[in-house]
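Structure data (mmCIF, N, CA and C atoms) from target11.cif:
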data_my_file
loop_
_atom_site.label_atom_id
_atom_site.label_comp_id
_atom_site.auth_asym_id
_atom_site.auth_seq_id
_atom_site.Cartn_x
_atom_site.Cartn_y
_atom_site.Cartn_z
N MET A 1 -10.88 -15.49 -13.40
CA MET A 1 -10.07 -16.43 -12.64
C MET A 1 -9.29 -17.35 -13.58
N ASP A 2 -9.87 -17.72 -14.71
CA ASP A 2 -9.16 -18.59 -15.67
C ASP A 2 -7.87 -17.93 -16.16
N ARG A 3 -7.93 -16.60 -16.34
CA ARG A 3 -6.74 -15.87 -16.79
C ARG A 3 -5.64 -15.97 -15.74
N ILE A 4 -5.98 -15.81 -14.48
CA ILE A 4 -4.98 -15.89 -13.40
C ILE A 4 -4.41 -17.30 -13.31
N ILE A 5 -5.24 -18.30 -13.40
CA ILE A 5 -4.76 -19.68 -13.36
C ILE A 5 -3.79 -19.93 -14.51
N SER A 6 -4.13 -19.43 -15.68
CA SER A 6 -3.25 -19.58 -16.84
C SER A 6 -1.91 -18.89 -16.62
N ILE A 7 -1.93 -17.67 -16.07
CA ILE A 7 -0.69 -16.94 -15.79
C ILE A 7 0.17 -17.71 -14.80
N LEU A 8 -0.45 -18.21 -13.74
CA LEU A 8 0.31 -18.97 -12.73
C LEU A 8 0.95 -20.20 -13.37
N ARG A 9 0.17 -20.95 -14.12
CA ARG A 9 0.71 -22.16 -14.75
C ARG A 9 1.83 -21.83 -15.74
N THR A 10 1.66 -20.75 -16.50
CA THR A 10 2.69 -20.34 -17.45
C THR A 10 4.02 -20.06 -16.74
N HIS A 11 3.93 -19.59 -15.51
CA HIS A 11 5.14 -19.28 -14.74
C HIS A 11 5.57 -20.44 -13.84
N GLY A 12 4.99 -21.62 -14.06
CA GLY A 12 5.40 -22.80 -13.31
C GLY A 12 4.91 -22.82 -11.88
N ILE A 13 3.79 -22.18 -11.62
CA ILE A 13 3.24 -22.12 -10.26
C ILE A 13 1.94 -22.91 -10.22
N HIS A 14 1.86 -23.88 -9.29
CA HIS A 14 0.63 -24.66 -9.12
C HIS A 14 -0.45 -23.75 -8.54
N PRO A 15 -1.59 -23.61 -9.20
CA PRO A 15 -2.64 -22.67 -8.77
C PRO A 15 -3.53 -23.19 -7.64
N THR A 16 -3.06 -23.05 -6.41
CA THR A 16 -3.89 -23.42 -5.25
C THR A 16 -4.90 -22.30 -4.99
N PRO A 17 -5.96 -22.56 -4.23
CA PRO A 17 -6.92 -21.49 -3.93
C PRO A 17 -6.27 -20.27 -3.27
N GLN A 18 -5.30 -20.52 -2.37
CA GLN A 18 -4.64 -19.40 -1.71
C GLN A 18 -3.80 -18.59 -2.70
N ARG A 19 -3.08 -19.26 -3.58
CA ARG A 19 -2.26 -18.56 -4.57
C ARG A 19 -3.13 -17.77 -5.53
N ILE A 20 -4.25 -18.33 -5.91
CA ILE A 20 -5.18 -17.62 -6.80
C ILE A 20 -5.70 -16.37 -6.10
N ALA A 21 -6.05 -16.49 -4.81
CA ALA A 21 -6.56 -15.34 -4.06
C ALA A 21 -5.49 -14.25 -3.94
N VAL A 22 -4.25 -14.64 -3.68
CA VAL A 22 -3.17 -13.66 -3.61
C VAL A 22 -3.00 -12.98 -4.96
N ALA A 23 -2.99 -13.78 -6.03
CA ALA A 23 -2.84 -13.22 -7.37
C ALA A 23 -3.97 -12.24 -7.68
N GLN A 24 -5.20 -12.57 -7.30
CA GLN A 24 -6.33 -11.68 -7.54
C GLN A 24 -6.14 -10.35 -6.80
N CYS A 25 -5.49 -10.39 -5.63
CA CYS A 25 -5.28 -9.18 -4.84
C CYS A 25 -4.15 -8.30 -5.36
N VAL A 26 -3.15 -8.90 -5.97
CA VAL A 26 -1.97 -8.11 -6.32
C VAL A 26 -1.74 -7.90 -7.81
N MET A 27 -2.23 -8.78 -8.65
CA MET A 27 -1.99 -8.64 -10.09
C MET A 27 -2.70 -7.38 -10.60
N GLY A 28 -1.95 -6.48 -11.14
CA GLY A 28 -2.52 -5.25 -11.67
C GLY A 28 -2.82 -4.20 -10.60
N ASP A 29 -2.56 -4.50 -9.34
CA ASP A 29 -2.79 -3.55 -8.25
C ASP A 29 -1.65 -2.54 -8.25
N LYS A 30 -1.97 -1.27 -8.38
CA LYS A 30 -0.94 -0.24 -8.44
C LYS A 30 -0.64 0.36 -7.08
N SER A 31 -1.21 -0.19 -6.01
CA SER A 31 -1.04 0.41 -4.69
C SER A 31 0.24 -0.01 -3.98
N HIS A 32 0.99 -0.95 -4.54
CA HIS A 32 2.24 -1.43 -3.93
C HIS A 32 1.99 -1.93 -2.51
N PRO A 33 1.17 -2.97 -2.34
CA PRO A 33 0.82 -3.42 -0.99
C PRO A 33 1.97 -4.15 -0.30
N SER A 34 1.96 -4.09 1.02
CA SER A 34 2.89 -4.88 1.82
C SER A 34 2.28 -6.27 1.98
N ALA A 35 3.07 -7.20 2.48
CA ALA A 35 2.57 -8.56 2.70
C ALA A 35 1.41 -8.56 3.69
N ASP A 36 1.50 -7.73 4.73
CA ASP A 36 0.41 -7.68 5.71
C ASP A 36 -0.87 -7.11 5.11
N GLN A 37 -0.75 -6.17 4.19
CA GLN A 37 -1.94 -5.64 3.52
C GLN A 37 -2.57 -6.72 2.65
N VAL A 38 -1.75 -7.48 1.96
CA VAL A 38 -2.27 -8.59 1.13
C VAL A 38 -2.92 -9.62 2.03
N TRP A 39 -2.30 -9.94 3.15
CA TRP A 39 -2.86 -10.92 4.09
C TRP A 39 -4.24 -10.47 4.56
N ALA A 40 -4.39 -9.19 4.91
CA ALA A 40 -5.68 -8.68 5.37
C ALA A 40 -6.74 -8.82 4.28
N ARG A 41 -6.38 -8.55 3.04
CA ARG A 41 -7.34 -8.68 1.93
C ARG A 41 -7.73 -10.13 1.69
N VAL A 42 -6.73 -11.01 1.65
CA VAL A 42 -6.99 -12.42 1.35
C VAL A 42 -7.81 -13.06 2.47
N LYS A 43 -7.57 -12.65 3.71
CA LYS A 43 -8.32 -13.21 4.85
C LYS A 43 -9.82 -13.00 4.73
N THR A 44 -10.24 -11.96 4.00
CA THR A 44 -11.68 -11.74 3.83
C THR A 44 -12.30 -12.84 2.97
N MET A 45 -11.49 -13.45 2.09
CA MET A 45 -11.98 -14.54 1.23
C MET A 45 -11.64 -15.91 1.80
N HIS A 46 -10.50 -15.99 2.49
CA HIS A 46 -10.01 -17.25 3.06
C HIS A 46 -9.60 -16.98 4.50
N PRO A 47 -10.56 -16.99 5.44
CA PRO A 47 -10.28 -16.58 6.82
C PRO A 47 -9.19 -17.40 7.53
N THR A 48 -8.93 -18.60 7.07
CA THR A 48 -7.94 -19.44 7.75
C THR A 48 -6.54 -19.35 7.14
N VAL A 49 -6.36 -18.52 6.13
CA VAL A 49 -5.04 -18.44 5.48
C VAL A 49 -4.03 -17.86 6.47
N SER A 50 -2.85 -18.44 6.47
CA SER A 50 -1.82 -17.99 7.42
C SER A 50 -0.97 -16.88 6.81
N ARG A 51 -0.36 -16.11 7.70
CA ARG A 51 0.56 -15.06 7.28
C ARG A 51 1.72 -15.68 6.51
N ALA A 52 2.21 -16.83 6.97
CA ALA A 52 3.34 -17.51 6.30
C ALA A 52 2.98 -17.87 4.87
N THR A 53 1.76 -18.33 4.63
CA THR A 53 1.32 -18.67 3.28
C THR A 53 1.37 -17.44 2.38
N ILE A 54 0.93 -16.32 2.90
CA ILE A 54 0.94 -15.08 2.12
C ILE A 54 2.38 -14.66 1.80
N TYR A 55 3.24 -14.66 2.81
CA TYR A 55 4.64 -14.29 2.58
C TYR A 55 5.30 -15.23 1.58
N ASN A 56 5.10 -16.53 1.76
CA ASN A 56 5.70 -17.51 0.85
C ASN A 56 5.19 -17.33 -0.57
N THR A 57 3.90 -17.08 -0.71
CA THR A 57 3.31 -16.92 -2.04
C THR A 57 3.83 -15.65 -2.72
N LEU A 58 3.88 -14.55 -1.98
CA LEU A 58 4.40 -13.30 -2.56
C LEU A 58 5.85 -13.46 -2.98
N ASN A 59 6.64 -14.12 -2.14
CA ASN A 59 8.05 -14.34 -2.49
C ASN A 59 8.20 -15.26 -3.70
N LEU A 60 7.33 -16.26 -3.80
CA LEU A 60 7.33 -17.14 -4.97
C LEU A 60 6.99 -16.35 -6.23
N PHE A 61 5.97 -15.49 -6.15
CA PHE A 61 5.59 -14.67 -7.28
C PHE A 61 6.75 -13.74 -7.69
N ALA A 62 7.46 -13.21 -6.72
CA ALA A 62 8.61 -12.35 -7.03
C ALA A 62 9.73 -13.16 -7.67
N GLU A 63 9.96 -14.35 -7.15
CA GLU A 63 11.00 -15.24 -7.72
C GLU A 63 10.68 -15.59 -9.17
N LYS A 64 9.39 -15.75 -9.48
CA LYS A 64 8.96 -16.11 -10.83
C LYS A 64 8.70 -14.88 -11.71
N HIS A 65 9.04 -13.69 -11.20
CA HIS A 65 8.94 -12.43 -11.94
C HIS A 65 7.51 -12.00 -12.26
N LEU A 66 6.56 -12.42 -11.43
CA LEU A 66 5.19 -11.92 -11.55
C LEU A 66 5.02 -10.62 -10.76
N LEU A 67 5.84 -10.46 -9.74
CA LEU A 67 5.87 -9.27 -8.89
C LEU A 67 7.32 -8.89 -8.67
N LYS A 68 7.49 -7.68 -8.18
CA LYS A 68 8.82 -7.24 -7.79
C LYS A 68 8.75 -6.79 -6.34
N ALA A 69 9.60 -7.39 -5.50
CA ALA A 69 9.68 -6.96 -4.10
C ALA A 69 10.54 -5.70 -4.07
N GLN A 70 10.04 -4.66 -3.42
CA GLN A 70 10.73 -3.37 -3.38
C GLN A 70 10.81 -2.87 -1.94
N VAL A 71 11.96 -2.34 -1.57
CA VAL A 71 12.09 -1.63 -0.30
C VAL A 71 12.11 -0.15 -0.67
N LEU A 72 10.95 0.47 -0.59
CA LEU A 72 10.84 1.87 -1.01
C LEU A 72 10.81 2.81 0.18
N SER A 73 10.55 2.26 1.34
CA SER A 73 10.66 3.05 2.57
C SER A 73 11.29 2.14 3.62
N GLU A 74 12.01 2.74 4.51
CA GLU A 74 12.82 1.99 5.47
C GLU A 74 12.01 0.94 6.22
N GLY A 75 12.48 -0.30 6.15
CA GLY A 75 11.89 -1.38 6.91
C GLY A 75 10.62 -1.99 6.34
N THR A 76 10.19 -1.55 5.18
CA THR A 76 8.94 -2.07 4.61
C THR A 76 9.18 -2.58 3.20
N VAL A 77 8.83 -3.83 2.99
CA VAL A 77 8.88 -4.41 1.65
C VAL A 77 7.47 -4.31 1.08
N VAL A 78 7.39 -3.78 -0.13
CA VAL A 78 6.11 -3.74 -0.84
C VAL A 78 6.24 -4.56 -2.10
N PHE A 79 5.11 -4.95 -2.65
CA PHE A 79 5.11 -5.79 -3.84
C PHE A 79 4.50 -5.01 -4.99
N ASP A 80 5.28 -4.93 -6.06
CA ASP A 80 4.94 -4.12 -7.22
C ASP A 80 4.52 -5.04 -8.36
N SER A 81 3.32 -4.85 -8.86
CA SER A 81 2.84 -5.69 -9.95
C SER A 81 3.39 -5.23 -11.30
N GLN A 82 3.99 -4.07 -11.33
CA GLN A 82 4.61 -3.56 -12.56
C GLN A 82 6.07 -4.02 -12.55
N VAL A 83 6.38 -5.04 -13.32
CA VAL A 83 7.73 -5.59 -13.31
C VAL A 83 8.63 -5.00 -14.39
N ALA A 84 8.05 -4.29 -15.33
CA ALA A 84 8.87 -3.60 -16.35
C ALA A 84 9.60 -2.44 -15.67
N PRO A 85 10.76 -2.04 -16.19
CA PRO A 85 11.52 -0.95 -15.57
C PRO A 85 10.69 0.33 -15.46
N HIS A 86 10.73 0.92 -14.29
CA HIS A 86 10.07 2.20 -14.02
C HIS A 86 10.64 2.76 -12.72
N HIS A 87 10.28 3.98 -12.42
CA HIS A 87 10.74 4.66 -11.21
C HIS A 87 9.54 4.85 -10.28
N HIS A 88 9.81 5.42 -9.11
CA HIS A 88 8.74 5.63 -8.13
C HIS A 88 8.79 7.03 -7.54
N PHE A 89 7.61 7.54 -7.23
CA PHE A 89 7.45 8.78 -6.47
C PHE A 89 6.62 8.43 -5.25
N ILE A 90 7.12 8.79 -4.07
CA ILE A 90 6.40 8.52 -2.83
C ILE A 90 5.92 9.84 -2.27
N ASP A 91 4.62 9.95 -2.12
CA ASP A 91 4.02 11.13 -1.54
C ASP A 91 4.25 11.07 -0.03
N GLN A 92 5.05 11.98 0.49
CA GLN A 92 5.41 11.95 1.91
C GLN A 92 4.22 12.21 2.83
N LYS A 93 3.22 12.91 2.33
CA LYS A 93 2.05 13.22 3.17
C LYS A 93 1.12 12.01 3.29
N SER A 94 0.80 11.39 2.14
CA SER A 94 -0.17 10.29 2.14
C SER A 94 0.49 8.92 2.20
N GLY A 95 1.77 8.83 1.81
CA GLY A 95 2.44 7.54 1.74
C GLY A 95 2.16 6.79 0.45
N THR A 96 1.36 7.38 -0.42
CA THR A 96 1.02 6.74 -1.69
C THR A 96 2.25 6.64 -2.58
N ILE A 97 2.41 5.48 -3.20
CA ILE A 97 3.52 5.24 -4.11
C ILE A 97 2.98 5.30 -5.54
N HIS A 98 3.60 6.14 -6.34
CA HIS A 98 3.18 6.31 -7.73
C HIS A 98 4.25 5.74 -8.65
N ASP A 99 3.84 5.02 -9.69
CA ASP A 99 4.77 4.57 -10.71
C ASP A 99 5.08 5.74 -11.64
N ILE A 100 6.36 5.89 -11.95
CA ILE A 100 6.80 6.93 -12.87
C ILE A 100 7.38 6.23 -14.09
N PRO A 101 6.91 6.57 -15.29
CA PRO A 101 7.44 5.91 -16.49
C PRO A 101 8.96 6.02 -16.58
N TRP A 102 9.57 4.97 -17.07
CA TRP A 102 11.03 4.90 -17.20
C TRP A 102 11.58 6.11 -17.93
N ASP A 103 10.97 6.49 -19.04
CA ASP A 103 11.48 7.57 -19.87
C ASP A 103 11.25 8.97 -19.29
N ALA A 104 10.49 9.07 -18.20
CA ALA A 104 10.22 10.38 -17.61
C ALA A 104 11.41 10.91 -16.82
N VAL A 105 12.35 10.05 -16.48
CA VAL A 105 13.51 10.45 -15.68
C VAL A 105 14.77 10.03 -16.44
N LYS A 106 15.67 10.96 -16.60
CA LYS A 106 16.92 10.63 -17.29
C LYS A 106 18.04 10.55 -16.25
N VAL A 107 18.68 9.40 -16.19
CA VAL A 107 19.79 9.19 -15.27
C VAL A 107 21.06 9.15 -16.10
N THR A 108 22.02 9.98 -15.71
CA THR A 108 23.30 9.97 -16.42
C THR A 108 24.38 9.48 -15.48
N GLY A 109 25.39 8.90 -16.03
CA GLY A 109 26.52 8.47 -15.22
C GLY A 109 26.56 7.01 -14.86
N ALA A 110 25.47 6.28 -15.03
CA ALA A 110 25.46 4.86 -14.67
C ALA A 110 26.51 4.09 -15.46
N LEU A 111 26.73 4.50 -16.70
CA LEU A 111 27.73 3.82 -17.53
C LEU A 111 29.14 4.31 -17.26
N ALA A 112 29.26 5.41 -16.50
CA ALA A 112 30.57 5.98 -16.20
C ALA A 112 31.12 5.46 -14.87
N LEU A 113 30.71 4.29 -14.47
CA LEU A 113 31.19 3.68 -13.23
C LEU A 113 32.00 2.44 -13.59
N PRO A 114 33.23 2.61 -14.04
CA PRO A 114 34.00 1.48 -14.55
C PRO A 114 34.29 0.39 -13.51
N SER A 115 34.21 0.72 -12.24
CA SER A 115 34.48 -0.28 -11.20
C SER A 115 33.26 -1.13 -10.88
N PHE A 116 32.13 -0.80 -11.47
CA PHE A 116 30.89 -1.50 -11.16
C PHE A 116 30.21 -2.00 -12.43
N GLU A 117 29.56 -3.12 -12.30
CA GLU A 117 28.72 -3.63 -13.38
C GLU A 117 27.28 -3.33 -12.98
N VAL A 118 26.70 -2.30 -13.57
CA VAL A 118 25.34 -1.88 -13.24
C VAL A 118 24.38 -2.72 -14.06
N TYR A 119 23.54 -3.49 -13.40
CA TYR A 119 22.56 -4.31 -14.11
C TYR A 119 21.13 -3.84 -13.88
N GLU A 120 20.96 -2.96 -12.94
CA GLU A 120 19.61 -2.44 -12.69
C GLU A 120 19.73 -1.18 -11.85
N TYR A 121 18.83 -0.25 -12.07
CA TYR A 121 18.73 0.91 -11.20
C TYR A 121 17.32 1.47 -11.31
N GLN A 122 16.96 2.25 -10.31
CA GLN A 122 15.70 2.97 -10.34
C GLN A 122 15.86 4.22 -9.50
N VAL A 123 15.04 5.20 -9.78
CA VAL A 123 15.03 6.44 -9.02
C VAL A 123 13.80 6.41 -8.15
N VAL A 124 13.99 6.72 -6.86
CA VAL A 124 12.87 6.85 -5.93
C VAL A 124 12.85 8.30 -5.48
N MET A 125 11.78 8.98 -5.84
CA MET A 125 11.62 10.39 -5.49
C MET A 125 10.61 10.50 -4.37
N ARG A 126 10.83 11.45 -3.49
CA ARG A 126 9.90 11.70 -2.39
C ARG A 126 9.50 13.17 -2.40
N GLY A 127 8.27 13.44 -2.05
CA GLY A 127 7.79 14.81 -2.01
C GLY A 127 6.30 14.80 -1.81
N ARG A 128 5.64 15.79 -2.35
CA ARG A 128 4.18 15.88 -2.26
C ARG A 128 3.61 15.96 -3.66
N LYS A 129 2.53 15.28 -3.87
CA LYS A 129 1.84 15.39 -5.15
C LYS A 129 1.09 16.71 -5.16
N ARG A 130 1.25 17.43 -6.25
CA ARG A 130 0.56 18.71 -6.38
C ARG A 130 -0.92 18.47 -6.60
N ARG A 131 -1.70 19.42 -6.19
CA ARG A 131 -3.14 19.34 -6.44
C ARG A 131 -3.40 19.44 -7.92
N GLU A 132 -4.36 18.67 -8.38
CA GLU A 132 -4.76 18.74 -9.79
C GLU A 132 -5.48 20.07 -10.00
N ALA A 133 -5.18 20.74 -11.09
CA ALA A 133 -5.82 22.05 -11.37
C ALA A 133 -7.16 21.85 -12.02
#
Let me see the structure of the file written as structure tokens.
Amino acid sequence: MDRIISILRTHGIHPTPQRIAVAQCVMGDKSHPSADQVWARVKTMHPTVSRATIYNTLNLFAEKHLLKAQVLSEGTVVFDSQVAPHHHFIDQKSGTIHDIPWDAVKVTGALALPSFEVYEYQVVMRGRKRREA
């Protein structure tokens, strides 16, 4: 918990019990949870926490670059604890979102768009994860 408090303070965030609980649920979590999923988890520790507190905290963490808010499927915002550049693969059968290393996908042409200033991009792939052999 001291590590989380230190991270929050380093990013200019006052470490309230609710913010610490949210951080414990999402920091390092590779599942890309939605705000409602985080709310359900935090409620087990803080039964009176409001949905608004969770949404506000997640948005604050995204604003401070501790998380990245992503729309990876229509109508759903998920929160990604991996803020370094990377891509995503979404398993259409299970809905699981997998992080794909930046260097695993080569995108060409982003620099060949003279009418646009490209400052960020990512590839979102959809399909099925193959069975492990």
Inset, instruction - Starting from the shown file, work through the PyMOL selection byres ((chain A and resi 31) around 8) and note down what comes out as an MDAnalysis selection string. - result: chainID A and resid 26 28:30 32:34 78:81 96:98
Legend entry - Pick from A:Gly109, A:Gln82, A:Asp91, A:Pro114 nearest to Ala62 of chain A, counting only C-alpha atoms: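 That would be A:Gln82, the residue with the smallest distance to Ala62 of chain A.
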Legend entry - For Phe89 of chain A, the nearest of the candidates A:Ala21, A:Val77, A:Val71, A:Val124, counting all atoms listed in the file: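 Counting all atoms listed in the file, the residue closest to Phe89 of chain A is A:Val124.
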Inset, instruction - Spell out the residues picked by the PyMOL selection byres ((chain A and resi 3-12) around 7) here, as a ChimeraX atom specification. - result: /A:1-2,13-15,20,23-24,64
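Of note, atom CA of Lys68 of chain A and atom CA of Ser94 of chain A are spaced 22.1 Å apart.
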Inset, instruction - Measure the distance from atom N of His46 of chain A to atom N of Cys25 of chain A in Å and round it to one decimal. - result: 11.1 Å
Inset, instruction - List the residues matched by the PyMOL selection byres (((chain A and resi 99-101 and name CA) around 6) and name CA) in the displayed structure as a list of chain:residue names, ordered by chain and then by residue number. - result: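 With the shown file as input, the PyMOL selection byres (((chain A and resi 99-101 and name CA) around 6) and name CA) matches A:His86, A:His87, A:His88, A:His98, A:Trp102, A:Asp103, A:Ala104.
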Inset, instruction - Please measure the separation of atom CA of Arg19 of chain A and atom CA of Thr57 of chain A, giving the value in Å to one decimal. - result: 6.3 Å
Legend entry - Polymer residues at most 10 Å from segment 117-121 of chain A, only C-alpha atoms, same-chain spacing of 5 or more positions, as a list of chain:residue names: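 Those residues are A:Pro85, A:His86, A:His87, A:Val107, A:Ala110, A:Leu111, A:Ala112.
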Legend entry - Residue nearest Ser73 of chain A among A:Lys43, A:Val22, A:Val38, A:Ile90 (counting only C-alpha atoms):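 Checking each candidate against Ser73 of chain A, we get A:Ile90 as the closest.
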Inset, instruction - Determine which residues of segment 31-116 of chain A DSSP labels as helix (DSSP H, G or I) from the backbone of this structure, then write them out as a PyMOL selection string. - result: chain A and resi 35-45+51-63+102-104+110-112
Write out all heavy atoms for segment 74-83 of chain A, as a CSV table (one decimal), in the frame of the given file.
chain,number,residue,atom,x,y,z
A,74,GLU,N,12.0,2.7,4.5
A,74,GLU,CA,12.8,2.0,5.5
A,74,GLU,C,12.0,0.9,6.2
A,74,GLU,O,11.0,1.2,6.8
A,74,GLU,CB,13.4,3.0,6.5
A,74,GLU,CG,14.5,2.3,7.3
A,74,GLU,CD,15.2,3.4,8.1
A,74,GLU,OE1,15.5,4.5,7.7
A,74,GLU,OE2,15.6,3.0,9.3
A,75,GLY,N,12.5,-0.3,6.2
A,75,GLY,CA,11.9,-1.4,6.9
A,75,GLY,C,10.6,-2.0,6.3
A,75,GLY,O,10.0,-2.8,7.0
A,76,THR,N,10.2,-1.6,5.2
A,76,THR,CA,8.9,-2.1,4.6
A,76,THR,C,9.2,-2.6,3.2
A,76,THR,O,9.7,-1.9,2.3
A,76,THR,CB,7.9,-1.0,4.6
A,76,THR,OG1,7.7,-0.5,5.9
A,76,THR,CG2,6.5,-1.5,4.1
A,77,VAL,N,8.8,-3.8,3.0
A,77,VAL,CA,8.9,-4.4,1.6
A,77,VAL,C,7.5,-4.3,1.1
A,77,VAL,O,6.5,-4.7,1.7
A,77,VAL,CB,9.3,-5.9,1.7
A,77,VAL,CG1,9.3,-6.5,0.3
A,77,VAL,CG2,10.7,-6.0,2.3
A,78,VAL,N,7.4,-3.8,-0.1
A,78,VAL,CA,6.1,-3.7,-0.8
A,78,VAL,C,6.2,-4.6,-2.1
A,78,VAL,O,7.4,-4.8,-2.6
A,78,VAL,CB,5.7,-2.3,-1.2
A,78,VAL,CG1,5.4,-1.5,0.1
A,78,VAL,CG2,6.6,-1.6,-2.1
A,79,PHE,N,5.1,-5.0,-2.6
A,79,PHE,CA,5.1,-5.8,-3.8
A,79,PHE,C,4.5,-5.0,-5.0
A,79,PHE,O,3.4,-4.5,-4.9
A,79,PHE,CB,4.4,-7.1,-3.6
A,79,PHE,CG,5.2,-7.9,-2.6
A,79,PHE,CD1,5.0,-7.8,-1.2
A,79,PHE,CD2,6.1,-8.8,-3.0
A,79,PHE,CE1,5.7,-8.6,-0.3
A,79,PHE,CE2,6.9,-9.6,-2.2
A,79,PHE,CZ,6.7,-9.4,-0.8
A,80,ASP,N,5.3,-4.9,-6.1
A,80,ASP,CA,4.9,-4.1,-7.2
A,80,ASP,C,4.5,-5.0,-8.4
A,80,ASP,O,5.3,-5.9,-8.8
A,80,ASP,CB,6.2,-3.3,-7.6
A,80,ASP,CG,5.9,-2.2,-8.6
A,80,ASP,OD1,4.8,-2.2,-9.2
A,80,ASP,OD2,6.8,-1.3,-8.8
A,81,SER,N,3.3,-4.8,-8.9
A,81,SER,CA,2.8,-5.7,-10.0
A,81,SER,C,3.4,-5.2,-11.3
A,81,SER,O,3.3,-6.0,-12.3
A,81,SER,CB,1.3,-5.7,-10.0
A,81,SER,OG,0.8,-4.4,-10.3
A,82,GLN,N,4.0,-4.1,-11.3
A,82,GLN,CA,4.6,-3.6,-12.6
A,82,GLN,C,6.1,-4.0,-12.6
A,82,GLN,O,6.9,-3.5,-11.8
A,82,GLN,CB,4.5,-2.0,-12.6
A,82,GLN,CG,5.3,-1.4,-13.7
A,82,GLN,CD,4.8,-1.7,-15.1
A,82,GLN,OE1,5.2,-2.7,-15.6
A,82,GLN,NE2,3.9,-0.9,-15.6
A,83,VAL,N,6.4,-5.0,-13.3
A,83,VAL,CA,7.7,-5.6,-13.3
A,83,VAL,C,8.6,-5.0,-14.4
A,83,VAL,O,9.8,-5.2,-14.3
A,83,VAL,CB,7.7,-7.1,-13.4
A,83,VAL,CG1,7.1,-7.7,-12.1
A,83,VAL,CG2,7.1,-7.6,-14.6
